[in-house]
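**Student:** Have a look at this one before I ask anything.
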Amino acid sequence: MKTKISMKTIYLILVITIGLVGLGIGSTLAVFTASAEISNPISFSSNLSYNGDIFDTVEVTIGPNATRTTNVSIFNDEQIDGVKYAVWYIYEGNSNDISFVRNQESDIDPSGTDIGQGGTLSMDIKNNTSNTITITIGVTTSKEDIVLPSYMKVITLATVAKYNLILNKGTGISIMYYKINGSNTYASTTNSSITVSVNEGSTYYYYGIASTGYAMNSCSLSSGPCSGTMGASAVTKTLTASANSYNLTLSKGTGVSTIYYRVNGATNYSSSTASKTVAVKYGTTYYYYGTASTGYSMSSCTSSSPCSGTMGAGAVTKSLTATANSYNLTLNKGTGVSTIYYKVNGASSYTSSTSNKTLSVKYGTTYYYYGTASTGYTMNSCTSSSPCSGTMGTSAVTKTLTAKSSGGSGPFTVTLYVDDTLYDTASVTGGNKYEKSFSSPTSSMTCTCTNGQTCSISHSSGVYYTATINSVTANTTCRVEY
């Protein structure tokens, strides 16, 4: 607030005014506009309106050991030439109780011989005592030499000591912002480090903006900038941010038994027998693989060759899959079977074969088969109206289709030749087994029969062997040859 001028000041004004009139200069105390806002900082201005002497004052109250920023502006809007000025103070205590320090925004000195177009003296006024003090700040301008009474002291600015403030960007910091030496606005840098010169005793402010995938640990716009008061030595501050975490979902596909994963720098794998969602830090590498269930094989992401990825700024889903192994299904044509039909690996229709057939069937799938009988025979089972089926396991499977004679119950005549010599003739009831032992000098021999009958040879003992027809269904001639 603008204060009333004391009696001493009024007396001085009157003296100067009377003196000027007495000298015939023709000037009087100038009419002026002055304003003051008591806050921190304090703004105080004086505007010259015509040739003459101006006195403006403002009272400043400063708390114990506190500092207030004061801006004294002198305007010469009328472009009056040769105006001298002085910024002074009145304080009844010890001069060591207060000190004045120039701010970087200041563009004029406390006094001068020509104000020119005007300017601003920006300074910090420091109370060096433990008591609240009040001082009067005044501005005097004149085209003559300025002479002040002893209790009005022209302000002397102390030399400001400056020390380095070093701001470092930690991991995850994109931009650093800082405000120093009483500045009203923040400056910024994307450099990894910046060094700025800060006035001793002044307050500095700083904060950071996190890079994508990171969040500030402190000193942010949301939590508030960090600050400090510059002491008598350099200061280093490092802004830091922590990586955000995002979900990694590992999905267990068909045929996968166990999932293994390693995230966030872990040295060992963890495991799960179900699909798993884990939190992974941005920018880190995650590893994963699976083991196959029985009957399946992993084609990728195995223990010997794990899969990996780098976590970005969003959730990720990875699916582990396994392929079913295939095993042989052999379908044999027994006596009286004409054609085999089969359907495997999810096929929608049957395929046929007139000979024995070996097929590759995927583990866990259902296979279907049936046969049609030759003329004079009837299928024992596995017919087109009632196919046989099975589920493929982890080993080869053999299935034999059989038929029985539909021509009667016999008896039937079996004639056996051994090495082109008639060896036996027998009458066998239909469906019964025929067996006959014989001697042979070798174990390498074959047995074939007519009329669709099947003969097999087994070793009895020594040089003796047995020819067998399991089910006789027709008259037949069989020959053993070696």
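Note on naming: chains are A, B, ... as they come in the structure tokens, residues start from 1 per chain, ligands start from 1 in the order shown.
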What's around A:Val397 at 10 Å? Count only C-alpha atoms, leave out sequence neighbours fewer than 6 positions away in its own chain, and write the answer as a list in words.
**Tutor:**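 The residues satisfying every condition are Tyr327, Asn328, Leu329, Thr330, Leu331, Thr358, Leu359, Val361 and Gly390 of chain A.
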**Student:** I want to know what sits within 6 Å of stretch 87-104 of chain A, based on only C-alpha atoms, with residues of the same chain fewer than 3 positions away left out; could you give that as a list in words?
**Tutor:**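 What passes the distance filter is Pro110, Ser122, Met123, Asp124, Ile125, Lys126, Asn127, Asn128, Thr129, Ile135, Thr136, Ile137, Gly138, Val139, Met152, Lys153, Val154, Ile155, Leu157 and Ala158 of chain A.
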**Student:** Write out as a PyMOL selection string the set of residues from stretch 37-143 of chain A that DSSP, computed on the backbone, places in strand (DSSP E).
**Tutor:** chain A and resi 37+42-47+54-62+67-75+84-90+98-102+111-112+118-127+133-142
**Student:** For stretch 286-289 of chain A, work out the shell of residues within 12 Å, counting only C-alpha atoms and skipping chain neighbours fewer than 2 positions away, then give it as a JSON list (two decimals) with N, CA and C atoms, in the first residue's frame.
**Tutor:**
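Once everything was written out, this is part00.json:
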[["chain", "number", "residue", "atom", "x", "y", "z"],
["A", 246, "TYR", "N", 2.06, -54.23, -17.02],
["A", 246, "TYR", "CA", 0.93, -54.58, -17.88],
["A", 246, "TYR", "C", 0.76, -56.10, -17.86],
["A", 247, "ASN", "N", -0.46, -56.57, -18.12],
["A", 247, "ASN", "CA", -0.76, -57.99, -18.00],
["A", 247, "ASN", "C", -0.24, -58.79, -19.19],
["A", 248, "LEU", "N", 0.45, -59.87, -18.87],
["A", 248, "LEU", "CA", 0.82, -60.88, -19.86],
["A", 248, "LEU", "C", -0.02, -62.11, -19.55],
["A", 249, "THR", "N", -0.88, -62.51, -20.49],
["A", 249, "THR", "CA", -1.72, -63.69, -20.31],
["A", 249, "THR", "C", -1.16, -64.82, -21.16],
["A", 250, "LEU", "N", -0.82, -65.94, -20.52],
["A", 250, "LEU", "CA", -0.33, -67.13, -21.20],
["A", 250, "LEU", "C", -1.48, -68.14, -21.22],
["A", 251, "SER", "N", -1.96, -68.43, -22.43],
["A", 251, "SER", "CA", -3.12, -69.30, -22.60],
["A", 251, "SER", "C", -2.68, -70.71, -22.96],
["A", 252, "LYS", "N", -3.22, -71.69, -22.25],
["A", 252, "LYS", "CA", -2.88, -73.10, -22.45],
["A", 252, "LYS", "C", -3.81, -73.69, -23.49],
["A", 256, "VAL", "N", -1.38, -79.04, -24.24],
["A", 256, "VAL", "CA", -0.32, -78.46, -23.41],
["A", 256, "VAL", "C", -0.58, -78.86, -21.96],
["A", 257, "SER", "N", 0.42, -79.41, -21.34],
["A", 257, "SER", "CA", 0.29, -79.90, -19.97],
["A", 257, "SER", "C", 0.59, -78.80, -18.95],
["A", 258, "THR", "N", 1.74, -78.15, -19.09],
["A", 258, "THR", "CA", 2.20, -77.17, -18.10],
["A", 258, "THR", "C", 2.82, -75.97, -18.81],
["A", 259, "ILE", "N", 2.54, -74.78, -18.28],
["A", 259, "ILE", "CA", 3.14, -73.54, -18.77],
["A", 259, "ILE", "C", 4.27, -73.14, -17.83],
["A", 260, "TYR", "N", 5.39, -72.70, -18.40],
["A", 260, "TYR", "CA", 6.52, -72.18, -17.63],
["A", 260, "TYR", "C", 6.77, -70.74, -18.08],
["A", 261, "TYR", "N", 7.07, -69.85, -17.12],
["A", 261, "TYR", "CA", 7.28, -68.45, -17.46],
["A", 261, "TYR", "C", 8.32, -67.83, -16.52],
["A", 262, "ARG", "N", 8.98, -66.80, -17.05],
["A", 262, "ARG", "CA", 10.00, -66.06, -16.29],
["A", 262, "ARG", "C", 9.87, -64.59, -16.65],
["A", 263, "VAL", "N", 9.56, -63.72, -15.66],
["A", 263, "VAL", "CA", 9.28, -62.31, -15.94],
["A", 263, "VAL", "C", 9.99, -61.41, -14.93],
["A", 264, "ASN", "N", 10.06, -60.11, -15.28],
["A", 264, "ASN", "CA", 10.59, -59.07, -14.39],
["A", 264, "ASN", "C", 11.98, -59.38, -13.86],
["A", 265, "GLY", "N", 12.81, -59.97, -14.73],
["A", 265, "GLY", "CA", 14.20, -60.21, -14.36],
["A", 265, "GLY", "C", 14.44, -61.43, -13.50],
["A", 266, "ALA", "N", 13.43, -62.27, -13.27],
["A", 266, "ALA", "CA", 13.61, -63.47, -12.46],
["A", 266, "ALA", "C", 14.63, -64.41, -13.12],
["A", 267, "THR", "N", 15.37, -65.14, -12.30],
["A", 267, "THR", "CA", 16.38, -66.07, -12.83],
["A", 267, "THR", "C", 15.81, -67.48, -13.03],
["A", 268, "ASN", "N", 14.74, -67.81, -12.34],
["A", 268, "ASN", "CA", 14.15, -69.13, -12.45],
["A", 268, "ASN", "C", 12.73, -69.06, -13.02],
["A", 269, "TYR", "N", 12.32, -70.14, -13.66],
["A", 269, "TYR", "CA", 10.98, -70.22, -14.22],
["A", 269, "TYR", "C", 9.95, -70.61, -13.15],
["A", 270, "SER", "N", 8.78, -70.04, -13.26],
["A", 270, "SER", "CA", 7.62, -70.48, -12.47],
["A", 270, "SER", "C", 6.72, -71.30, -13.39],
["A", 271, "SER", "N", 5.84, -72.12, -12.81],
["A", 271, "SER", "CA", 5.01, -73.00, -13.64],
["A", 271, "SER", "C", 3.55, -72.89, -13.24],
["A", 272, "SER", "N", 2.69, -73.28, -14.18],
["A", 272, "SER", "CA", 1.25, -73.31, -13.93],
["A", 272, "SER", "C", 0.63, -74.38, -14.82],
["A", 276, "LYS", "N", -2.45, -68.56, -17.35],
["A", 276, "LYS", "CA", -1.89, -67.71, -16.30],
["A", 276, "LYS", "C", -1.78, -66.26, -16.78],
["A", 278, "VAL", "N", 0.07, -62.69, -15.60],
["A", 278, "VAL", "CA", 1.08, -62.13, -14.70],
["A", 278, "VAL", "C", 1.32, -60.67, -15.08],
["A", 279, "ALA", "N", 1.71, -59.86, -14.08],
["A", 279, "ALA", "CA", 2.02, -58.44, -14.30],
["A", 279, "ALA", "C", 3.49, -58.31, -14.68],
["A", 280, "VAL", "N", 3.76, -57.68, -15.81],
["A", 280, "VAL", "CA", 5.13, -57.56, -16.32],
["A", 280, "VAL", "C", 5.47, -56.09, -16.50],
["A", 281, "LYS", "N", 6.65, -55.69, -16.05],
["A", 281, "LYS", "CA", 7.06, -54.29, -16.14],
["A", 281, "LYS", "C", 7.36, -53.90, -17.58],
["A", 282, "TYR", "N", 6.95, -52.68, -17.92],
["A", 282, "TYR", "CA", 7.20, -52.12, -19.26],
["A", 282, "TYR", "C", 8.68, -52.19, -19.61],
["A", 283, "GLY", "N", 8.96, -52.58, -20.84],
["A", 283, "GLY", "CA", 10.33, -52.58, -21.35],
["A", 283, "GLY", "C", 11.16, -53.78, -20.97],
["A", 284, "THR", "N", 10.63, -54.67, -20.10],
["A", 284, "THR", "CA", 11.40, -55.85, -19.70],
["A", 284, "THR", "C", 11.08, -57.03, -20.62],
["A", 291, "THR", "N", 5.12, -77.64, -21.84],
["A", 291, "THR", "CA", 5.40, -79.07, -22.01],
["A", 291, "THR", "C", 4.11, -79.73, -22.50],
["A", 292, "ALA", "N", 4.29, -80.69, -23.40],
["A", 292, "ALA", "CA", 3.13, -81.32, -24.05],
["A", 292, "ALA", "C", 2.53, -82.41, -23.16],
["A", 298, "MET", "N", 5.18, -80.43, -28.73],
["A", 298, "MET", "CA", 5.29, -78.98, -28.91],
["A", 298, "MET", "C", 6.18, -78.71, -30.12],
["A", 299, "SER", "N", 5.71, -77.84, -31.00],
["A", 299, "SER", "CA", 6.50, -77.49, -32.18],
["A", 299, "SER", "C", 7.30, -76.21, -31.98],
["A", 300, "SER", "N", 6.96, -75.42, -30.95],
["A", 300, "SER", "CA", 7.69, -74.19, -30.64],
["A", 300, "SER", "C", 7.52, -73.91, -29.16],
["A", 301, "CYS", "N", 8.28, -72.90, -28.65],
["A", 301, "CYS", "CA", 8.19, -72.51, -27.24],
["A", 301, "CYS", "C", 8.41, -73.71, -26.33],
["A", 302, "THR", "N", 9.53, -74.37, -26.53],
["A", 302, "THR", "CA", 9.89, -75.54, -25.74],
["A", 302, "THR", "C", 10.95, -75.17, -24.72],
["A", 303, "SER", "N", 11.25, -76.08, -23.83],
["A", 303, "SER", "CA", 12.26, -75.82, -22.79],
["A", 303, "SER", "C", 13.63, -75.57, -23.40],
["A", 304, "SER", "N", 13.92, -76.21, -24.52],
["A", 304, "SER", "CA", 15.21, -76.01, -25.17],
["A", 304, "SER", "C", 15.23, -74.75, -26.02],
["A", 305, "SER", "N", 14.07, -74.24, -26.38],
["A", 305, "SER", "CA", 13.97, -73.02, -27.19],
["A", 305, "SER", "C", 12.75, -72.21, -26.76],
["A", 306, "PRO", "N", 12.86, -71.53, -25.58],
["A", 306, "PRO", "CA", 11.70, -70.77, -25.08],
["A", 306, "PRO", "C", 11.34, -69.60, -26.00],
["A", 307, "CYS", "N", 10.09, -69.20, -25.97],
["A", 307, "CYS", "CA", 9.66, -67.99, -26.65],
["A", 307, "CYS", "C", 9.87, -66.80, -25.72],
["A", 308, "SER", "N", 9.95, -65.60, -26.29],
["A", 308, "SER", "CA", 10.17, -64.40, -25.48],
["A", 308, "SER", "C", 9.54, -63.20, -26.16],
["A", 309, "GLY", "N", 9.45, -62.10, -25.42],
["A", 309, "GLY", "CA", 8.93, -60.84, -25.94],
["A", 309, "GLY", "C", 9.30, -59.72, -25.00],
["A", 310, "THR", "N", 9.17, -58.48, -25.48],
["A", 310, "THR", "CA", 9.42, -57.29, -24.66],
["A", 310, "THR", "C", 8.09, -56.62, -24.36],
["A", 311, "MET", "N", 7.81, -56.39, -23.08],
["A", 311, "MET", "CA", 6.52, -55.84, -22.70],
["A", 311, "MET", "C", 6.40, -54.38, -23.15],
["A", 312, "GLY", "N", 5.32, -54.10, -23.89],
["A", 312, "GLY", "CA", 5.03, -52.74, -24.31],
["A", 312, "GLY", "C", 4.08, -52.08, -23.34],
["A", 316, "VAL", "N", -0.84, -58.10, -23.16],
["A", 316, "VAL", "CA", -0.42, -59.04, -24.22],
["A", 316, "VAL", "C", -0.96, -60.42, -23.88],
["A", 317, "THR", "N", -1.43, -61.15, -24.91],
["A", 317, "THR", "CA", -1.86, -62.54, -24.73],
["A", 317, "THR", "C", -1.05, -63.43, -25.66],
["A", 318, "LYS", "N", -0.50, -64.50, -25.11],
["A", 318, "LYS", "CA", 0.25, -65.48, -25.89],
["A", 318, "LYS", "C", -0.38, -66.86, -25.66],
["A", 319, "SER", "N", -0.57, -67.60, -26.76],
["A", 319, "SER", "CA", -1.18, -68.93, -26.68],
["A", 319, "SER", "C", -0.15, -70.00, -26.98],
["A", 320, "LEU", "N", -0.07, -70.97, -26.09],
["A", 320, "LEU", "CA", 0.82, -72.13, -26.28],
["A", 320, "LEU", "C", -0.01, -73.27, -26.85],
["A", 321, "THR", "N", 0.47, -73.91, -27.91],
["A", 321, "THR", "CA", -0.28, -74.98, -28.56],
["A", 321, "THR", "C", 0.61, -76.20, -28.76],
["A", 322, "ALA", "N", -0.03, -77.36, -28.85],
["A", 322, "ALA", "CA", 0.67, -78.62, -29.12],
["A", 322, "ALA", "C", -0.08, -79.37, -30.21]]
**Student:** Between A:Thr57, A:Gln79, A:Thr238, A:Thr421, which is the closest to A:Gly170 once you count only C-alpha atoms?
**Tutor:** A:Thr238
**Student:** Using only C-alpha atoms for the distances, tell me which of A:Ser440, A:Asn191, A:Asn432, A:Ser150 is nearest to A:Pro411.
**Tutor:**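 Residue with the minimum atom-to-atom distance to A:Pro411: A:Asn432.
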**Student:** Using only C-alpha atoms, which of the listed residues (A:Gly255, A:Tyr369, A:Ser355, A:Gly119) sits closest to A:Lys343?
**Tutor:**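 That would be A:Tyr369, the residue with the smallest distance to A:Lys343.
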**Student:** Atom CA of A:Ser443 and atom CA of A:Tyr482 are how many Å apart?
**Tutor:**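 Rounded to one decimal, the two atoms are 8.2 Å apart.
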**Student:** Give me the residues within 8 Å of stretch 467-479 of chain A as a PyMOL selection string, counting only C-alpha atoms and dropping any in the same chain fewer than 3 places off.
**Tutor:** chain A and resi 404-405+407+409-410+412-420+428-438+446-458
**Student:** Please dump the current selection as a CSV table (one decimal), in the first residue's frame; keep C-alpha atoms.
**Tutor:**
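Below you can see selection.csv, which holds the result:
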chain,number,residue,atom,x,y,z
A,404,LYS,CA,-18.2,-116.6,-41.6
A,405,SER,CA,-19.5,-118.9,-44.4
A,407,GLY,CA,-23.3,-121.8,-47.3
A,409,SER,CA,-22.5,-126.3,-41.6
A,410,GLY,CA,-20.7,-129.0,-43.6
A,412,PHE,CA,-16.3,-130.0,-45.4
A,413,THR,CA,-13.3,-131.9,-46.8
A,414,VAL,CA,-9.9,-130.6,-46.1
A,415,THR,CA,-7.1,-132.0,-48.3
A,416,LEU,CA,-3.5,-131.3,-47.2
A,417,TYR,CA,-0.4,-131.6,-49.5
A,418,VAL,CA,3.1,-131.4,-48.0
A,419,ASP,CA,5.8,-130.7,-50.6
A,420,ASP,CA,3.5,-131.8,-53.4
A,428,VAL,CA,-14.5,-131.2,-40.7
A,429,THR,CA,-17.7,-129.8,-39.4
A,430,GLY,CA,-18.4,-126.2,-40.5
A,431,GLY,CA,-16.7,-123.7,-38.3
A,432,ASN,CA,-14.5,-126.2,-36.6
A,433,LYS,CA,-10.7,-126.1,-36.5
A,434,TYR,CA,-8.5,-128.3,-38.7
A,435,GLU,CA,-5.0,-129.2,-37.4
A,436,LYS,CA,-2.4,-131.6,-38.8
A,437,SER,CA,1.2,-132.2,-37.7
A,438,PHE,CA,4.0,-133.0,-40.1
A,446,THR,CA,4.3,-121.5,-46.8
A,447,CYS,CA,0.7,-122.8,-46.6
A,448,THR,CA,-2.0,-121.8,-49.0
A,449,CYS,CA,-5.6,-123.0,-49.3
A,450,THR,CA,-8.4,-122.8,-51.9
A,451,ASN,CA,-12.0,-121.5,-51.5
A,452,GLY,CA,-11.0,-118.6,-49.1
A,453,GLN,CA,-9.7,-120.8,-46.3
A,454,THR,CA,-6.6,-119.5,-44.4
A,455,CYS,CA,-3.9,-121.9,-43.3
A,456,SER,CA,-1.1,-121.1,-40.8
A,457,ILE,CA,2.0,-123.1,-39.7
A,458,SER,CA,3.4,-123.2,-36.2
